[in-house]
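Visitor: Here it is: the structure, laid out below.
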Amino acid sequence: MHVTRGLRAALLVPALLLPAVAPGSPKAPAPGAFVSGPWLEAQLPPAVVLLDARPFREFLSGHLPGAQSVSPENLRSTSGGVPAALYPSEILDAIFARVGVDAQAHVVVYGAETDVDATFVATAARIAGASRVQVLDGGFTRWTAEGRPVTRERALSTTAKPDRRVDAHLLVSGVEVRNRVKDGKTVFLDVRPAEQWIAGRIPGAKNRFWKADVANGSLRPLPDLRAELEAAGVSWGRPVVVYCNSGHQASEAFWLLREALGHPDARLYQGSWLEWSMTPDAPRESGPPAETR
């Protein structure tokens, strides 16, 4: 089944010459970490491996042509008592291989909007060894609002061979976080809502809610986001470790910092607060910052 699409003549014009969004909408992000609807409509599978990061029920109701379903819940489980822990990198490698992702694949991921489901799956694909991964800005909501094709048909995909070219250095462990807290050289960015940050956090962590990065379901202008991150305490001259409760929300800030803004040393604490808060003797602090007390 296909919904009615808009005029296709625009596809004859190179995507870079098209206005990515209507006047008054958020500006299109720089090419690289994110792609636009016009570009992707001209590059649907098999040109790319297209992954739908929404819940499976939503995928069955309608998805982009050629998309395969890989949601965050396919990629994590309880580990050592810590819920929602990302699978080990070698398991991620096998999962993504089943939908045709190998080190050479060009992968595009989308969620309902520009959201944490999309960035979580995209980050996991990078950890699994895919070297070229992008996120559809605006996701399924903007795609359908622009009249682009949707189907319920499920396409067969080619299974890739797991190649074990994993990139686990994108993550940091709880042990490494403890060491980084001690040496004081790392900026910790907590992307949970402010009330959760106030209730308990890694010592010295800065706070900026991840939803501040999006407006109307799409990414806000990158120069504005960089300026706001710097105002929040992020430095391009120091390592940054982002975290939330489980690593899900933090994947958005990780993707923004490392893939879109080119931060040289941004990493994700996948265990995040769920692990840190249950780790014996892990240092914590709470309350508003000292300058506001």
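Chain labels follow the order of the structure tokens: the first chain is A, the next B, and so on; residue numbering restarts at 1 in every chain, and ligands are counted from 1 in their shown order.
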Compile the contact shell of segment 63-66 of chain A as an NGL selection string: residues with an atom at most 10 Å away, counting only C-alpha atoms, same-chain residues fewer than 3 positions apart removed.
Guide: :A and (2 or 41 or 44-46 or 48-52 or 54 or 58-60 or 69 or 110 or 140 or 143-144 or 148-157)
Visitor: Can you pull out the residues contacting segment 274-291 of chain A? Cut-off 6 Å, using only C-alpha atoms, and skip same-chain residues under 3 positions away; I want them as a PyMOL selection string.
Guide: chain A and resi 82+198-203+245-246+271
Visitor: How would the residues just picked look written out with N, CA and C atoms as a PDB file, in the first residue's frame?
Guide:
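Okay, out-v9.pdb is ready:
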```
ATOM      1  N   VAL A  82      21.830  -4.391  35.651  1.00  0.00           N
ATOM      2  CA  VAL A  82      21.580  -3.068  35.082  1.00  0.00           C
ATOM      3  C   VAL A  82      20.597  -3.221  33.927  1.00  0.00           C
ATOM      4  N   ILE A 198      19.097  17.320  39.294  1.00  0.00           N
ATOM      5  CA  ILE A 198      19.158  17.865  40.655  1.00  0.00           C
ATOM      6  C   ILE A 198      19.034  16.752  41.691  1.00  0.00           C
ATOM      7  N   ALA A 199      18.211  15.750  41.402  1.00  0.00           N
ATOM      8  CA  ALA A 199      17.996  14.662  42.360  1.00  0.00           C
ATOM      9  C   ALA A 199      19.234  13.799  42.560  1.00  0.00           C
ATOM     10  N   GLY A 200      20.087  13.709  41.560  1.00  0.00           N
ATOM     11  CA  GLY A 200      21.300  12.906  41.675  1.00  0.00           C
ATOM     12  C   GLY A 200      22.039  12.837  40.370  1.00  0.00           C
ATOM     13  N   ARG A 201      23.384  12.972  40.426  1.00  0.00           N
ATOM     14  CA  ARG A 201      24.180  13.028  39.204  1.00  0.00           C
ATOM     15  C   ARG A 201      25.624  12.619  39.490  1.00  0.00           C
ATOM     16  N   ILE A 202      26.374  12.412  38.416  1.00  0.00           N
ATOM     17  CA  ILE A 202      27.813  12.209  38.527  1.00  0.00           C
ATOM     18  C   ILE A 202      28.438  13.531  38.965  1.00  0.00           C
ATOM     19  N   PRO A 203      29.367  13.517  39.907  1.00  0.00           N
ATOM     20  CA  PRO A 203      29.945  14.773  40.405  1.00  0.00           C
ATOM     21  C   PRO A 203      30.466  15.670  39.287  1.00  0.00           C
ATOM     22  N   ASN A 245      19.725   8.227  31.732  1.00  0.00           N
ATOM     23  CA  ASN A 245      19.388   7.135  32.639  1.00  0.00           C
ATOM     24  C   ASN A 245      19.925   5.794  32.142  1.00  0.00           C
ATOM     25  N   SER A 246      19.799   5.556  30.819  1.00  0.00           N
ATOM     26  CA  SER A 246      20.197   4.252  30.288  1.00  0.00           C
ATOM     27  C   SER A 246      21.081   4.336  29.053  1.00  0.00           C
ATOM     28  N   GLY A 271      26.020   2.722  30.348  1.00  0.00           N
ATOM     29  CA  GLY A 271      25.374   2.291  31.588  1.00  0.00           C
ATOM     30  C   GLY A 271      24.617   3.413  32.262  1.00  0.00           C
TER      31      GLY A 271
END
```
Visitor: Taking 5 positions as the minimum chain separation for residues in the same chain, which residues sit within 9 Å of Ser251 of chain A when counting only C-alpha atoms? Answer as a PyMOL selection string.
Guide: chain A and resi 116-123+242-244+256+268+270
Visitor: Using only C-alpha atoms for the distances, tell me which of A:Leu222, A:Ala103, A:Val191, A:Val234 is nearest to Tyr269 of chain A.
Guide: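 Using only C-alpha atoms, Tyr269 of chain A sits closest to A:Val191.
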Visitor: Tell me, in Å to one decimal, how far atom CA of Ala145 of chain A is from atom CA of Ser36 of chain A.
Guide: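 Here the two named atoms are 13.1 Å from each other.
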Visitor: Please identify all polymer residues within 10 Å of Ala97 of chain A, counting only C-alpha atoms, omitting same-chain residues fewer than 2 positions from it, and present them as an MDAnalysis selection string.
Guide: chainID A and resid 91:95 99:103 125 128 130 158:163
Visitor: Taking only C-alpha atoms into account, which of A:Ala232, A:Val108, A:Val187, A:Ala53 comes nearest Leu40 of chain A?
Guide: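 Comparing A:Ala232, A:Val108, A:Val187, A:Ala53 against Leu40 of chain A, the winner is A:Val108.
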Visitor: Rounded to one decimal in Å, what is the spacing between atom CA of His106 of chain A and atom CA of Glu259 of chain A?
Guide: 14.8 Å
Visitor: Identify, with DSSP run on backbone atoms, the residues in segment 64-280 of chain A assigned to helix (DSSP H, G or I), and express the list as a ChimeraX atom specification.
Guide: /A:72-74,89-97,116-127,139-145,168-170,174-183,194-199,210-213,222-231,250-260,272-276
Visitor: Which neighbours of Glu230 of chain A fall inside 12 Å, counting only C-alpha atoms, when residues of the same chain fewer than 5 positions from it are skipped, and could you give them as a tab-separated table (two decimals) with C-alpha atoms, in the first residue's frame?
Guide:
```tsv
chain	number	residue	atom	x	y	z
A	187	VAL	CA	33.28	17.21	30.98
A	189	LEU	CA	27.05	16.11	30.20
A	206	LYS	CA	26.66	19.71	33.50
A	207	ASN	CA	23.00	19.55	32.57
A	208	ARG	CA	21.26	20.25	29.27
A	223	PRO	CA	25.64	26.92	15.14
A	224	ASP	CA	22.97	27.65	17.75
A	225	LEU	CA	23.34	24.21	19.28
A	235	SER	CA	34.46	22.38	25.65
A	236	TRP	CA	35.95	21.37	22.31
A	237	GLY	CA	39.32	21.25	24.04
A	238	ARG	CA	38.34	18.63	26.65
A	240	VAL	CA	33.13	14.89	26.86
A	257	LEU	CA	28.48	16.25	19.35
A	261	LEU	CA	29.41	19.00	15.29
A	263	HIS	CA	33.73	17.04	18.60
```
Visitor: Could you work out how far atom CA of Leu219 of chain A lies from atom CA of Asp115 of chain A, giving the answer in Å with one decimal?
Guide: 9.1 Å
Visitor: Under the rule that only C-alpha atoms are counted, which of A:Arg132, A:Arg76, A:Arg180, A:His248 is the nearest residue to Arg192 of chain A?
Guide: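 Smallest distance to Arg192 of chain A is found for A:His248.
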